[in-house]
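K.L.:
Let me begin by handing over the structure; questions about it come next.
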Amino acid sequence: MASFWWIKVVLWRKKMTTLPSLLNTYLEAITPALTKPFLDAPLMAIDLEMTGLDPIHDQVISIGLVPIINGVIPLDKAQHMMISISGSVGQSATVHGIVDNQLHMALTLAEAIDWFLSKTKGYILVAHHAPLDIQFIQQQLIRCFGQSIPLVFIDTLAIEKKRCLMQQPVLKEGSLRLNASRARYRLPVYSAHNALIDALSCAELLLAQVSAMGDIKKLSVKDLINVSR
Amino acid sequence: MDASELQPVEQFLAAHSPFDTLPKESIQYCARKISIGYYSKASAFVEFDKDNPKLYIVRSGAFEVRDPEGVLVDRVGEGECFGFSTLLSGEKVVNKVAILEDGLVYHLPQSVFAKLRSEHRSFDQFFARAFAKRLRNETKFSAKDLTTTSRITSIMSSQPIIIDAHASVMDAAKLMREHRVSSVLVIDNQKLTGILTDRDLRNRIIAEGLDVNTLVSQAMTINPVTTHANALVFEAMLAMSEHNIHHLPVVDGSRALGMITSTDILRSQSSQPLLLIGEIGRQGSIEKLIQVSKQIPLLLQNLISADARAEEIGRVLTSVTDALTRRLIELNQQILGQAPMAFCWLAFGSQGRQDQVACSDQDNGLLLAHDPDEFAAAYFEALTKAVCKGLDECGYIYCPGDIMAQNPKWRLSLVKWKGLFSRWVNTPEPKALMHASIFFDMRPVFGPLSLFSELQDDVLASTQNNDIFLAGMAGNSLTESPPLGFFRKFVLERDGSEVKGMDLKHKGSALINDIARVYALSAGIKEVNTAKRIRALMDANIINRKDALNLADAHEFIAHMRLANQGYQATNNLPVNNYLKPQHLSSLMRHQLRDAFKVVHDAQAGIKLKFMRSF
């Protein structure tokens, strides 16, 4: 438990100030998950598609959510949401294959954040190169609520980096990318890319990584979160 | 949310049987209902949730299904399924599924499986067949190669084994034992009322703890599915797979005529080559023979697509070559007149070993009863030239090494052949031995067996326990080694694009042929077919049972891969060769192939130890 003192501190301090109740309950909901074994903890792989890499200036276009529950990925609970943005999708459209006219059914930012918080409440977030996605989420929280909260996450890139560094001292550029990491576990190559498929890719990668760590039944989420910090 | 967003999952399902027969909406529905699990070799076996049986669809990795006694039931790789036996039978999970290679597995809930089965006939049939195949525990067969026009009367057992409904099950069991059958027809008042099978005896009598005096009528399956005498083999097969049964009584009205079993059907498949051989024997001219020989590539393709055992394919193709050779000799003798002395047409190499495949060249020679005079020499020169030319025109190209009966070097009297072998055996010079090895795989195709035996007995007597010769042969057989390093390399270069391919002939099959030959010559075994040699060596306790069975399996598997690869090359209009591209291998096959090569590697080590210790 010692490693989560910071959450408690933030939680306590936020309570002292005026934290919107939505964020408050979100923070409280996550605490039981933190001490669970990996196989019991609800996890949610997330992936965001953005207009760029700068959390302050760039916007989130879409969010993919793929849960991992009891060590398996139930696809009926996988979700994908588009977010309407101000201005054009711009250059990143060529990367994500999203064009402006696809965004007409999208949610507003406020709706999307509401949706995200309700769907991930009680879940520990999982992402590949998680700090970037987390920063973007937190920036959106600031836009909506004027303040942010700490988010607990597992970073599959950090796990992969640690594992690779144990085997070789220097890592080749690009060797920790999502697809390169998946290839090391002989996971299938997916030609299509969007937030949902990348979240699925990330969830599958985590399952493979965890299996390679040894006895999965003895593993706790705490071990994985600590690698990722 | 857009329904088709789980594109990678949907694409995968749509590319594999039986999901490929489902409409798009069903695939999308299916993809949504899937949960994905990851299975690691470290956990050894798949853990089944007894309360929630599922269909397991392998996305990546390799698995092995074994029954409670540990006997291999099925190997499952990418795009294949396990767990359906439990879903179909409703029985408890008894089989164990071992994880050979880590991988992702899609779980489909029982409710969805049931829904798809009820809505889609093709989906239902696929699993009914797969289940039937499991029960039969026999090699797969497909419908397309069955002679669709043949009637079941041609393959049914003519004398039906019948028992009265009022007899006891013990009498029935005795009757079944006596006739060595797995089922009997049950008759009451001259009418067929039921069928009693091994399975009925097990499930309804033994498992229930019933008395052996129980009446047959209480244990039998009443009103069994039947077929009529005019039905096609194809229809009988369909009925079996639809109803998931292996015994089909043949009736005329309610009168029992006979019984047809799934084994009968399997056997009937081999009728096609027989027809071809029959046709060869009937041809009255060389031109017509050449015409008929054009069917051989098609026969090979059919055998490959029927998934026949590689050993059987080799034997079938070689029988065709033998028949062609014989007919060519006979036709030419009609022109040249009777031979001036007894002679034997010898087949060497692959024809000798009966493992011919596509585009084999000819390796043959002639064994004469004694040294020919001028007239006889001219006769045999004319005969052999005509036969070799005929074989060439039939698709068996002239031997590049000129090992052919038309070459006077290989057209010798018994005394001279003996002398030749004696030189190879008693003063073994490695290089010469290497070239001579195919001569040790000799088999008579035409002519008196006694003449051939005289030569073979003499050769085997000289090779048996001849340490120096055997060490030379063993040394030659070790110059090539199986491409085990290939797999390491393959793992590194995962896309495999830079890898040329594995030579399955020279680094696989040929090595096993060499190993079997050395052992056979050391023990004086007359067989020349590699599988038969291995069996004979096992029976004679020269190779232990386990090693022999492993070697035979490896031989079959590598030969099978080679044939399947050539079938693939032929259907895709690629040049046909012995190179297997690793990109075409599923992880399951890679695993099996590596196992097979390991067996070859170990057998080579064994040869070295046994025959080269003192050199």
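In the structure tokens, the first chain shown is A, the next is B, and so on; residue numbers restart at 1 for each chain, and ligands run from 1 in the order shown.
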Just need the residues of chain B within 9 Å of chain A, counting only C-alpha atoms, so spit them out as an MDAnalysis selection string.
P.N.:
chainID B and resid 1:2 5:8 31:43 59:61 102:104 494
K.L.:
May I have the residues within 8 Å of segment 144-155 of chain A as a ChimeraX atom specification, using only C-alpha atoms and disregarding those fewer than 5 positions away in the same chain?
P.N.:
/A:7,10,20,23,27,109-110,113,124-131,134,138-139,224-225,227-228
K.L.:
Next, write the just-selected residues to a file, as a tab-separated table (two decimals), in the first residue's frame, keeping N, CA and C atoms as the atom set.
P.N.:
```
chain	number	residue	atom	x	y	z
A	7	ILE	N	-1.54	8.99	-3.91
A	7	ILE	CA	-2.96	9.12	-4.29
A	7	ILE	C	-3.77	9.59	-3.10
A	10	VAL	N	-3.28	13.20	-2.50
A	10	VAL	CA	-3.99	14.04	-3.46
A	10	VAL	C	-5.48	14.01	-3.17
A	20	PRO	N	-15.07	18.66	-8.03
A	20	PRO	CA	-16.41	18.28	-8.50
A	20	PRO	C	-16.71	16.84	-8.09
A	23	LEU	N	-15.49	13.88	-10.28
A	23	LEU	CA	-14.07	13.50	-10.17
A	23	LEU	C	-13.80	12.83	-8.83
A	27	LEU	N	-12.18	9.10	-8.31
A	27	LEU	CA	-10.96	8.81	-7.55
A	27	LEU	C	-11.21	7.75	-6.48
A	109	LEU	N	-16.63	17.70	-26.53
A	109	LEU	CA	-15.58	17.35	-25.58
A	109	LEU	C	-16.18	17.05	-24.20
A	110	ALA	N	-17.12	17.88	-23.76
A	110	ALA	CA	-17.72	17.70	-22.43
A	110	ALA	C	-18.44	16.36	-22.36
A	113	ILE	N	-15.81	13.48	-22.25
A	113	ILE	CA	-15.16	13.32	-20.96
A	113	ILE	C	-16.10	12.65	-19.96
A	124	ILE	N	-8.34	0.40	-13.78
A	124	ILE	CA	-6.99	0.92	-13.91
A	124	ILE	C	-6.68	1.05	-15.40
A	125	LEU	N	-6.19	2.20	-15.81
A	125	LEU	CA	-5.96	2.44	-17.23
A	125	LEU	C	-4.69	1.74	-17.70
A	126	VAL	N	-4.72	1.28	-18.96
A	126	VAL	CA	-3.55	0.64	-19.57
A	126	VAL	C	-3.34	1.32	-20.92
A	127	ALA	N	-2.11	1.71	-21.21
A	127	ALA	CA	-1.85	2.28	-22.53
A	127	ALA	C	-0.41	2.03	-22.92
A	128	HIS	N	-0.15	2.10	-24.22
A	128	HIS	CA	1.23	1.97	-24.69
A	128	HIS	C	1.79	3.38	-24.79
A	129	HIS	N	2.90	3.62	-24.13
A	129	HIS	CA	3.41	4.97	-23.93
A	129	HIS	C	2.35	5.80	-23.21
A	130	ALA	N	1.91	5.29	-22.07
A	130	ALA	CA	0.78	5.84	-21.32
A	130	ALA	C	0.92	7.31	-20.91
A	131	PRO	N	2.09	7.79	-20.51
A	131	PRO	CA	2.16	9.18	-20.03
A	131	PRO	C	1.56	10.19	-21.01
A	134	ILE	N	-2.23	9.92	-20.89
A	134	ILE	CA	-2.69	10.40	-19.59
A	134	ILE	C	-2.65	11.94	-19.54
A	138	GLN	N	-5.77	14.38	-18.88
A	138	GLN	CA	-5.76	15.36	-17.80
A	138	GLN	C	-5.96	16.78	-18.32
A	139	GLN	N	-5.41	17.07	-19.50
A	139	GLN	CA	-5.60	18.39	-20.09
A	139	GLN	C	-7.08	18.61	-20.44
A	224	LEU	N	2.70	-3.99	-11.63
A	224	LEU	CA	2.69	-3.43	-12.98
A	224	LEU	C	2.65	-1.91	-12.96
A	225	ILE	N	1.88	-1.36	-11.99
A	225	ILE	CA	1.79	0.10	-11.91
A	225	ILE	C	3.14	0.68	-11.55
A	227	VAL	N	6.09	-0.44	-12.27
A	227	VAL	CA	6.99	-0.42	-13.43
A	227	VAL	C	6.71	0.82	-14.25
A	228	SER	N	5.43	1.21	-14.28
A	228	SER	CA	5.00	2.24	-15.21
A	228	SER	C	5.23	3.66	-14.71
```
K.L.:
Which residue gives the smallest distance to Met50 of chain A among A:Leu157, A:Ala112, A:Cys202, A:Leu132, with only C-alpha atoms counted?
P.N.:
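Closest to Met50 of chain A of all the choices is A:Leu132.
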K.L.:
Pick out the residues sitting within 8 Å of Ile265 of chain B, and hand them over as a PyMOL selection string; count only C-alpha atoms, and ignore anything fewer than 4 positions along from it in its own chain.
P.N.:
chain B and resi 155+233+237+260-261+269
K.L.:
Can you write out the residues you just picked, keeping all heavy atoms, as a PDB file, in the first residue's frame?
P.N.:
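New file out32.pdb:
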```
ATOM      1  N   ILE B 155     -18.803 -51.314 -52.151  1.00  0.00           N
ATOM      2  CA  ILE B 155     -17.893 -51.321 -51.009  1.00  0.00           C
ATOM      3  C   ILE B 155     -18.511 -51.871 -49.722  1.00  0.00           C
ATOM      4  O   ILE B 155     -17.838 -51.994 -48.712  1.00  0.00           O
ATOM      5  CB  ILE B 155     -17.344 -49.900 -50.710  1.00  0.00           C
ATOM      6  CG1 ILE B 155     -18.480 -48.929 -50.451  1.00  0.00           C
ATOM      7  CG2 ILE B 155     -16.451 -49.420 -51.815  1.00  0.00           C
ATOM      8  CD1 ILE B 155     -17.995 -47.609 -49.892  1.00  0.00           C
ATOM      9  N   VAL B 233     -21.899 -43.752 -52.879  1.00  0.00           N
ATOM     10  CA  VAL B 233     -20.935 -43.681 -51.777  1.00  0.00           C
ATOM     11  C   VAL B 233     -20.991 -42.287 -51.147  1.00  0.00           C
ATOM     12  O   VAL B 233     -21.004 -42.111 -49.934  1.00  0.00           O
ATOM     13  CB  VAL B 233     -19.508 -43.959 -52.295  1.00  0.00           C
ATOM     14  CG1 VAL B 233     -18.486 -43.656 -51.216  1.00  0.00           C
ATOM     15  CG2 VAL B 233     -19.395 -45.402 -52.736  1.00  0.00           C
ATOM     16  N   MET B 237     -21.796 -41.164 -47.267  1.00  0.00           N
ATOM     17  CA  MET B 237     -20.863 -40.380 -46.477  1.00  0.00           C
ATOM     18  C   MET B 237     -21.556 -39.155 -45.885  1.00  0.00           C
ATOM     19  O   MET B 237     -21.350 -38.787 -44.728  1.00  0.00           O
ATOM     20  CB  MET B 237     -19.708 -39.946 -47.368  1.00  0.00           C
ATOM     21  CG  MET B 237     -18.488 -39.613 -46.600  1.00  0.00           C
ATOM     22  SD  MET B 237     -17.238 -39.023 -47.696  1.00  0.00           S
ATOM     23  CE  MET B 237     -17.925 -37.476 -48.128  1.00  0.00           C
ATOM     24  N   ILE B 260     -22.419 -50.649 -44.048  1.00  0.00           N
ATOM     25  CA  ILE B 260     -21.307 -49.866 -44.584  1.00  0.00           C
ATOM     26  C   ILE B 260     -20.757 -49.006 -43.442  1.00  0.00           C
ATOM     27  O   ILE B 260     -21.529 -48.438 -42.674  1.00  0.00           O
ATOM     28  CB  ILE B 260     -21.771 -49.049 -45.803  1.00  0.00           C
ATOM     29  CG1 ILE B 260     -20.612 -48.298 -46.424  1.00  0.00           C
ATOM     30  CG2 ILE B 260     -22.854 -48.072 -45.446  1.00  0.00           C
ATOM     31  CD1 ILE B 260     -20.979 -47.792 -47.801  1.00  0.00           C
ATOM     32  N   THR B 261     -19.441 -48.989 -43.305  1.00  0.00           N
ATOM     33  CA  THR B 261     -18.832 -48.228 -42.211  1.00  0.00           C
ATOM     34  C   THR B 261     -17.950 -47.115 -42.776  1.00  0.00           C
ATOM     35  O   THR B 261     -17.614 -47.109 -43.957  1.00  0.00           O
ATOM     36  CB  THR B 261     -17.940 -49.122 -41.330  1.00  0.00           C
ATOM     37  OG1 THR B 261     -16.815 -49.530 -42.104  1.00  0.00           O
ATOM     38  CG2 THR B 261     -18.687 -50.339 -40.839  1.00  0.00           C
ATOM     39  N   GLN B 269     -11.599 -44.893 -51.331  1.00  0.00           N
ATOM     40  CA  GLN B 269     -10.970 -43.756 -51.989  1.00  0.00           C
ATOM     41  C   GLN B 269      -9.782 -44.152 -52.847  1.00  0.00           C
ATOM     42  O   GLN B 269      -9.409 -43.444 -53.751  1.00  0.00           O
ATOM     43  CB  GLN B 269     -10.478 -42.765 -50.951  1.00  0.00           C
ATOM     44  CG  GLN B 269     -11.594 -42.028 -50.297  1.00  0.00           C
ATOM     45  CD  GLN B 269     -11.012 -41.035 -49.348  1.00  0.00           C
ATOM     46  OE1 GLN B 269     -10.467 -41.397 -48.323  1.00  0.00           O
ATOM     47  NE2 GLN B 269     -11.111 -39.782 -49.695  1.00  0.00           N
TER      48      GLN B 269
END
```
K.L.:
Name all residues at most 12 Å from segment 542-546 of chain B (count only C-alpha atoms; drop same-chain ones fewer than 2 positions away) and give them as a ChimeraX atom specification.
P.N.:
/B:515-516,518-525,533-540,548-553,599,603,606-607,610
K.L.:
Just write the chosen residues, N, CA and C atoms, as a JSON list (two decimals), in the first residue's frame.
P.N.:
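Result saved to selection06.json:
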```json
[["chain", "number", "residue", "atom", "x", "y", "z"],
["B", 515, "ILE", "N", 19.75, -43.12, -43.24],
["B", 515, "ILE", "CA", 19.83, -43.77, -41.94],
["B", 515, "ILE", "C", 19.23, -45.18, -42.01],
["B", 516, "ALA", "N", 18.04, -45.26, -42.61],
["B", 516, "ALA", "CA", 17.37, -46.56, -42.70],
["B", 516, "ALA", "C", 18.19, -47.54, -43.54],
["B", 518, "VAL", "N", 21.55, -47.63, -43.97],
["B", 518, "VAL", "CA", 22.72, -48.13, -43.24],
["B", 518, "VAL", "C", 22.30, -49.25, -42.28],
["B", 519, "TYR", "N", 21.24, -48.98, -41.52],
["B", 519, "TYR", "CA", 20.78, -50.00, -40.56],
["B", 519, "TYR", "C", 20.36, -51.28, -41.28],
["B", 520, "ALA", "N", 19.60, -51.10, -42.39],
["B", 520, "ALA", "CA", 19.07, -52.27, -43.09],
["B", 520, "ALA", "C", 20.22, -53.12, -43.64],
["B", 521, "LEU", "N", 21.24, -52.46, -44.22],
["B", 521, "LEU", "CA", 22.37, -53.21, -44.77],
["B", 521, "LEU", "C", 23.16, -53.89, -43.65],
["B", 522, "SER", "N", 23.21, -53.24, -42.49],
["B", 522, "SER", "CA", 23.97, -53.83, -41.38],
["B", 522, "SER", "C", 23.29, -55.09, -40.87],
["B", 523, "ALA", "N", 21.96, -55.16, -41.04],
["B", 523, "ALA", "CA", 21.23, -56.28, -40.47],
["B", 523, "ALA", "C", 20.76, -57.27, -41.54],
["B", 524, "GLY", "N", 21.11, -56.99, -42.79],
["B", 524, "GLY", "CA", 20.70, -57.89, -43.86],
["B", 524, "GLY", "C", 19.21, -57.89, -44.11],
["B", 525, "ILE", "N", 18.58, -56.73, -43.93],
["B", 525, "ILE", "CA", 17.13, -56.64, -44.15],
["B", 525, "ILE", "C", 16.83, -56.38, -45.62],
["B", 533, "ARG", "N", 11.58, -50.53, -44.01],
["B", 533, "ARG", "CA", 12.88, -50.80, -43.39],
["B", 533, "ARG", "C", 12.82, -50.47, -41.90],
["B", 534, "ILE", "N", 12.26, -49.32, -41.58],
["B", 534, "ILE", "CA", 12.22, -48.90, -40.17],
["B", 534, "ILE", "C", 11.40, -49.90, -39.36],
["B", 535, "ARG", "N", 10.26, -50.31, -39.93],
["B", 535, "ARG", "CA", 9.41, -51.28, -39.24],
["B", 535, "ARG", "C", 10.15, -52.60, -39.00],
["B", 536, "ALA", "N", 10.84, -53.06, -40.06],
["B", 536, "ALA", "CA", 11.58, -54.32, -39.94],
["B", 536, "ALA", "C", 12.68, -54.20, -38.89],
["B", 537, "LEU", "N", 13.33, -53.03, -38.85],
["B", 537, "LEU", "CA", 14.39, -52.82, -37.87],
["B", 537, "LEU", "C", 13.84, -52.82, -36.46],
["B", 538, "MET", "N", 12.61, -52.28, -36.33],
["B", 538, "MET", "CA", 11.96, -52.27, -35.03],
["B", 538, "MET", "C", 11.60, -53.70, -34.62],
["B", 539, "ASP", "N", 11.03, -54.45, -35.56],
["B", 539, "ASP", "CA", 10.63, -55.82, -35.26],
["B", 539, "ASP", "C", 11.83, -56.69, -34.89],
["B", 540, "ALA", "N", 12.98, -56.37, -35.50],
["B", 540, "ALA", "CA", 14.18, -57.16, -35.23],
["B", 540, "ALA", "C", 14.94, -56.63, -34.02],
["B", 548, "ALA", "N", 12.18, -45.91, -33.33],
["B", 548, "ALA", "CA", 11.71, -46.33, -34.65],
["B", 548, "ALA", "C", 10.41, -45.62, -35.00],
["B", 549, "LEU", "N", 9.48, -45.57, -34.06],
["B", 549, "LEU", "CA", 8.20, -44.92, -34.33],
["B", 549, "LEU", "C", 8.41, -43.43, -34.57],
["B", 550, "ASN", "N", 9.29, -42.82, -33.77],
["B", 550, "ASN", "CA", 9.58, -41.40, -33.97],
["B", 550, "ASN", "C", 10.16, -41.15, -35.35],
["B", 551, "LEU", "N", 11.09, -42.02, -35.75],
["B", 551, "LEU", "CA", 11.75, -41.84, -37.04],
["B", 551, "LEU", "C", 10.74, -42.02, -38.18],
["B", 552, "ALA", "N", 9.87, -43.02, -38.02],
["B", 552, "ALA", "CA", 8.85, -43.25, -39.04],
["B", 552, "ALA", "C", 7.90, -42.05, -39.13],
["B", 553, "ASP", "N", 7.52, -41.51, -37.97],
["B", 553, "ASP", "CA", 6.64, -40.34, -37.95],
["B", 553, "ASP", "C", 7.31, -39.14, -38.62],
["B", 599, "VAL", "N", 14.32, -35.30, -34.42],
["B", 599, "VAL", "CA", 14.38, -36.75, -34.46],
["B", 599, "VAL", "C", 15.47, -37.20, -35.44],
["B", 603, "ALA", "N", 18.79, -39.33, -34.62],
["B", 603, "ALA", "CA", 19.06, -40.60, -35.30],
["B", 603, "ALA", "C", 20.44, -40.57, -35.95],
["B", 606, "GLY", "N", 22.88, -41.30, -33.39],
["B", 606, "GLY", "CA", 22.84, -42.73, -33.09],
["B", 606, "GLY", "C", 23.67, -43.53, -34.08],
["B", 607, "ILE", "N", 23.54, -43.18, -35.37],
["B", 607, "ILE", "CA", 24.31, -43.84, -36.44],
["B", 607, "ILE", "C", 25.80, -43.68, -36.20],
["B", 610, "LYS", "N", 26.93, -45.82, -33.39],
["B", 610, "LYS", "CA", 26.87, -47.26, -33.62],
["B", 610, "LYS", "C", 27.88, -47.74, -34.66]]
```
K.L.:
What's the 7 Å shell around Pro68 of chain B, counting only C-alpha atoms, without same-chain residues fewer than 6 positions away, as an mmCIF file with N, CA, C and O atoms, in the first residue's frame?
P.N.:
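Saved as part09.cif:
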```cif
data_model
loop_
_atom_site.group_PDB
_atom_site.id
_atom_site.type_symbol
_atom_site.label_atom_id
_atom_site.label_comp_id
_atom_site.auth_asym_id
_atom_site.auth_seq_id
_atom_site.Cartn_x
_atom_site.Cartn_y
_atom_site.Cartn_z
ATOM 1 N N VAL B 94 -12.977 -34.055 -20.943
ATOM 2 C CA VAL B 94 -12.059 -35.102 -20.511
ATOM 3 C C VAL B 94 -10.685 -34.934 -21.137
ATOM 4 O O VAL B 94 -9.676 -35.280 -20.551
ATOM 5 N N ASN B 95 -10.664 -34.376 -22.345
ATOM 6 C CA ASN B 95 -9.380 -34.210 -23.028
ATOM 7 C C ASN B 95 -8.576 -33.091 -22.392
ATOM 8 O O ASN B 95 -9.132 -32.158 -21.830
ATOM 9 N N LYS B 96 -7.264 -33.220 -22.506
ATOM 10 C CA LYS B 96 -6.387 -32.152 -22.036
ATOM 11 C C LYS B 96 -5.830 -31.431 -23.249
ATOM 12 O O LYS B 96 -5.573 -32.054 -24.268
#
```
K.L.:
What separation in Å, quoted to one decimal, exists between atom CA of Met612 of chain B and atom CA of Pro482 of chain B?
P.N.:
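Here the two named atoms are 19.2 Å from each other.
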K.L.:
By how many Å are atom CA of Leu248 of chain B and atom CA of Val316 of chain B apart?
P.N.:
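Between atom CA of Leu248 of chain B and atom CA of Val316 of chain B the gap is 29.0 Å.
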K.L.:
Env of Ile397 of chain B: 8 Å cut, atoms = only C-alpha atoms, seq-sep filter 2 positions within chain, self excluded. Answer as a ChimeraX atom specification.
P.N.:
/B:359-362,391-393,395,399
K.L.:
Assign secondary structure with DSSP using the backbone only, and return the residues of segment 7-218 of chain A in strand (DSSP E or B) as an MDAnalysis selection string.
P.N.:
chainID A and resid 37 43:50 60:69 72:74 79:83 107 124:127 153:155
K.L.:
At what distance in Å, to one decimal, does atom CA of Gln218 of chain B lie from atom CA of Gln159 of chain B?
P.N.:
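Separation of atom CA of Gln159 of chain B and atom CA of Gln218 of chain B: 24.4 Å.
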